[in-house]
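**Student:** Quick one: structure below, then a few questions.
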Amino acid sequence: MANSNEQIAKEVLKAVGGKENITNVAHCMTRLRFNLKDMGIPSEEKIKAIKGVLGVTVAGGQFQVIIGQNVPKVYDSLCEQGGIAKQEVINENLDAPKEKLTPKKIGSNIMAYLSGSMVALIPVMMAAGLFKAVLSVIGPDMLGLISAESNLYILLDFLYDAGFYFIPILLGFSAAKKLGIDQMLGAYMGCILIAPDLLTLVSEGASFSILGIPVTLSDYSQTVMPILLSVWIMSYIYKFFKKVMPDALTTIFTPFLTMAVITPISLCLLAPLGTILSGLLSGALLALGNATGFIGVGIIAALWEFVVMTGMHMVILMAMFTTYFETGYMTGISLVWMSATWAAFGMALGAALRLKNKEDKSMSFGCFISGIIGGITEPVLYGLGFKYKRTFLGLMIGAFVGGCYAGITNVCAYVMVTSSNFLSLIAYTGGSSANMINGVITCILSFVVATVATYFLGFSKEELAAQ
């Protein structure tokens, strides 16, 4: 009998060393992501043995416990039981020796900041994206149930736009919370970047300077890196004033002085630098796609699930999210996860059809159901794949073929989806009917090819003879 979410949380909390060993804990779509003071305390084998835990991995300086789609409920219960503030850094033992900053540690800290800040925006992305999907389906481009001039069309359109236009404000709040400073100041920094008067100067092409320092004016709505850089530097300024300011004055002057210092730094340096970095990230993905063509898309799709298993897929996802926020769609390299996910479904079904042993057959079919209905691929990867390693060959072939087709047809996703089950197909709505058709073909092709390849190539003669 499976553990309840509360029981899973209780056992995991105890296994990682309790609240005292946790610096920070957040969650993504399927994993609890711990930053621990002592990584030697938790036993991977003991945590894997907890009913309801699908696996464990250590990557990017984080101890990651794979739960599945019920991870938000487990996370809430874990924070409640441990008295842990959600997505906030818990003060570490000041007597403990400071950890030496190495290139690896710096990289881990950066990724923890990026992922911790952006994961909180997923509900907004999903909600806004679904409004776009509904608009596309019932609008004039597909079913034609409403016209572009109707009130419902206009409503759905601005519900979608609002979710992305105000990204600097939402992300400023989330980033400040991640860094342990006043969240409203983070949101305020986002407001400054998209202040109406500033955008007016941008649209008019006017010049502007602060204390004689010229400002490179730009429209920062729907951007990511400018606010992330600004809040990061702001956190040091805020903590400095918080430390030196007398208690009687801190409520008024700490926020005031923080914003007085960070605003010129942000507008003159950090925000323009963030725009440059965003361009580099987006350009890198585009260049990779252009340089490798559809073959490159297929290769990355074939390797995607292995990147996911290391937990380092967040590095690529950050660049994907940045591109999506600024362009409103993803294509090429940014969509390899769709082909890989549907290939994982096919890997499970191919194994279920091929295996004879009732237990293994039932396990494989259960993996297929949990994937295509529940959107959870970890049982496929960690359960089936680790037991029958050749089944990964079927997954890779299916993902490669689907990825190549997506690259050839230049399939685009206009809707951000957080579910990896069959409903992920709505990601392709929002563009042309041809795009929707090619998107569905991409997934079905990945699924069918992976099923067939797993059936014929996924097991050795010895493994089949033992059935």
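Ordering of the structure tokens sets the chain letters (A, B, ...), residue numbers begin anew at 1 in every chain, and ligands are numbered from 1 in the order given.
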May I have all residues of stretch 144-200 of chain A that DSSP, computed from the backbone, assigns to helix (DSSP H, G or I), given as an MDAnalysis selection string?

**Tutor:** chainID A and resid 151:165 167:179 183:193 196:200

**Student:** Can I get the selected residues back with N, CA and C atoms, as a CSV table (one decimal), in the first residue's frame?

**Tutor:**
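Result written to again.csv:
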```csv
chain,number,residue,atom,x,y,z
A,151,ASN,N,-15.8,40.1,-27.5
A,151,ASN,CA,-15.3,40.4,-26.2
A,151,ASN,C,-14.6,39.2,-25.6
A,152,LEU,N,-15.1,38.0,-25.9
A,152,LEU,CA,-14.4,36.8,-25.3
A,152,LEU,C,-13.0,36.6,-25.9
A,153,TYR,N,-12.9,36.9,-27.2
A,153,TYR,CA,-11.6,36.8,-27.8
A,153,TYR,C,-10.6,37.8,-27.2
A,154,ILE,N,-11.1,39.0,-27.0
A,154,ILE,CA,-10.3,40.1,-26.4
A,154,ILE,C,-9.9,39.7,-25.0
A,155,LEU,N,-10.8,39.2,-24.2
A,155,LEU,CA,-10.6,38.8,-22.8
A,155,LEU,C,-9.5,37.7,-22.8
A,156,LEU,N,-9.7,36.6,-23.6
A,156,LEU,CA,-8.7,35.5,-23.6
A,156,LEU,C,-7.3,36.0,-24.0
A,157,ASP,N,-7.3,36.9,-25.0
A,157,ASP,CA,-6.0,37.4,-25.5
A,157,ASP,C,-5.3,38.2,-24.4
A,158,PHE,N,-6.0,39.1,-23.7
A,158,PHE,CA,-5.2,39.9,-22.7
A,158,PHE,C,-4.9,39.0,-21.4
A,159,LEU,N,-5.7,38.0,-21.2
A,159,LEU,CA,-5.3,37.0,-20.1
A,159,LEU,C,-4.0,36.3,-20.4
A,160,TYR,N,-3.8,36.0,-21.7
A,160,TYR,CA,-2.5,35.4,-22.1
A,160,TYR,C,-1.4,36.4,-22.0
A,161,ASP,N,-1.6,37.6,-22.6
A,161,ASP,CA,-0.6,38.7,-22.6
A,161,ASP,C,-0.1,39.1,-21.2
A,162,ALA,N,-1.1,39.2,-20.3
A,162,ALA,CA,-0.8,39.6,-18.9
A,162,ALA,C,0.1,38.7,-18.2
A,163,GLY,N,0.0,37.4,-18.5
A,163,GLY,CA,0.9,36.4,-17.9
A,163,GLY,C,2.4,36.6,-18.2
A,164,PHE,N,2.6,37.2,-19.4
A,164,PHE,CA,4.0,37.3,-19.8
A,164,PHE,C,4.5,38.8,-19.8
A,165,TYR,N,3.7,39.7,-20.0
A,165,TYR,CA,4.1,41.1,-20.0
A,165,TYR,C,4.7,41.5,-18.7
A,167,ILE,N,6.2,39.7,-16.4
A,167,ILE,CA,7.2,38.7,-16.0
A,167,ILE,C,8.2,39.4,-15.0
A,168,PRO,N,8.7,40.6,-15.4
A,168,PRO,CA,9.7,41.2,-14.5
A,168,PRO,C,9.2,41.4,-13.0
A,169,ILE,N,7.9,41.7,-12.9
A,169,ILE,CA,7.4,41.9,-11.6
A,169,ILE,C,7.2,40.6,-10.8
A,170,LEU,N,6.6,39.6,-11.5
A,170,LEU,CA,6.4,38.3,-10.9
A,170,LEU,C,7.8,37.6,-10.6
A,171,LEU,N,8.7,37.7,-11.5
A,171,LEU,CA,10.0,37.1,-11.3
A,171,LEU,C,10.8,37.9,-10.2
A,172,GLY,N,10.6,39.2,-10.1
A,172,GLY,CA,11.3,40.0,-9.1
A,172,GLY,C,10.9,39.5,-7.7
A,173,PHE,N,9.6,39.3,-7.6
A,173,PHE,CA,9.1,38.8,-6.3
A,173,PHE,C,9.6,37.5,-6.0
A,174,SER,N,9.6,36.5,-6.9
A,174,SER,CA,10.1,35.2,-6.7
A,174,SER,C,11.6,35.2,-6.4
A,175,ALA,N,12.4,36.0,-7.2
A,175,ALA,CA,13.8,36.0,-7.0
A,175,ALA,C,14.2,36.5,-5.6
A,176,ALA,N,13.5,37.6,-5.2
A,176,ALA,CA,13.7,38.2,-3.8
A,176,ALA,C,13.4,37.2,-2.7
A,177,LYS,N,12.4,36.4,-2.9
A,177,LYS,CA,12.0,35.4,-1.9
A,177,LYS,C,13.1,34.3,-1.9
A,178,LYS,N,13.6,33.9,-3.0
A,178,LYS,CA,14.7,32.9,-3.1
A,178,LYS,C,15.9,33.4,-2.4
A,179,LEU,N,16.2,34.7,-2.5
A,179,LEU,CA,17.4,35.2,-1.9
A,179,LEU,C,17.3,35.7,-0.4
A,183,GLN,N,10.3,40.5,-0.5
A,183,GLN,CA,9.8,40.1,-1.8
A,183,GLN,C,9.1,41.3,-2.5
A,184,MET,N,8.5,42.2,-1.8
A,184,MET,CA,7.9,43.4,-2.4
A,184,MET,C,8.9,44.3,-3.0
A,185,LEU,N,10.1,44.4,-2.5
A,185,LEU,CA,11.1,45.2,-3.1
A,185,LEU,C,11.6,44.6,-4.4
A,186,GLY,N,11.6,43.2,-4.4
A,186,GLY,CA,11.9,42.6,-5.7
A,186,GLY,C,10.8,42.9,-6.8
A,187,ALA,N,9.6,42.8,-6.3
A,187,ALA,CA,8.5,43.2,-7.3
A,187,ALA,C,8.6,44.6,-7.7
A,188,TYR,N,9.0,45.5,-6.8
A,188,TYR,CA,9.1,46.9,-7.0
A,188,TYR,C,10.2,47.2,-8.1
A,189,MET,N,11.3,46.4,-8.0
A,189,MET,CA,12.3,46.5,-9.0
A,189,MET,C,11.8,46.1,-10.4
A,190,GLY,N,10.9,45.1,-10.4
A,190,GLY,CA,10.3,44.7,-11.7
A,190,GLY,C,9.4,45.8,-12.2
A,191,CYS,N,8.7,46.5,-11.3
A,191,CYS,CA,7.8,47.6,-11.7
A,191,CYS,C,8.6,48.7,-12.3
A,192,ILE,N,9.8,49.0,-11.7
A,192,ILE,CA,10.7,50.1,-12.3
A,192,ILE,C,11.1,49.8,-13.7
A,193,LEU,N,11.4,48.5,-14.0
A,193,LEU,CA,11.9,48.1,-15.3
A,193,LEU,C,10.8,48.3,-16.4
A,196,PRO,N,5.6,52.9,-16.9
A,196,PRO,CA,5.0,53.5,-18.1
A,196,PRO,C,5.9,54.6,-18.7
A,197,ASP,N,6.4,55.5,-17.8
A,197,ASP,CA,7.2,56.6,-18.3
A,197,ASP,C,8.5,56.2,-19.0
A,198,LEU,N,9.1,55.1,-18.4
A,198,LEU,CA,10.3,54.5,-19.0
A,198,LEU,C,10.0,54.0,-20.4
A,199,LEU,N,8.9,53.2,-20.5
A,199,LEU,CA,8.5,52.7,-21.8
A,199,LEU,C,8.1,53.7,-22.8
A,200,THR,N,7.6,54.8,-22.3
A,200,THR,CA,7.3,56.0,-23.2
A,200,THR,C,8.6,56.5,-23.8
```

**Student:** Using 8 Å as the limit and counting only C-alpha atoms, can you tabulate each residue of stretch 323-358 of chain A that touches stretch 292-307 of chain A, with its shortest atom-to-atom distance in Å and the two atoms involved, as a Markdown table?

**Tutor:**
```
| residue | atom | partner | partner_atom | distance |
| --- | --- | --- | --- | --- |
| A:Gly332 | CA | A:Val297 | CA | 6.2 |
| A:Ile333 | CA | A:Val297 | CA | 5.4 |
| A:Val336 | CA | A:Ala301 | CA | 4.5 |
| A:Trp337 | CA | A:Ala301 | CA | 6.4 |
| A:Ser339 | CA | A:Ala301 | CA | 6.3 |
| A:Ala340 | CA | A:Ala301 | CA | 5.5 |
| A:Thr341 | CA | A:Glu305 | CA | 7.7 |
```

**Student:** Per DSSP on the backbone, what are the strand (DSSP E) residues of stretch 162-279 of chain A, as JSON, numbers by chain?

**Tutor:** {"A": [209, 210, 213, 214]}

**Student:** Choose the residue, out of A:Ala127, A:Ile227, A:Ala351, A:Ala450, that has the smallest atom-to-atom separation from A:Gly402; count only C-alpha atoms.

**Tutor:**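 Closest candidate: A:Ala450.
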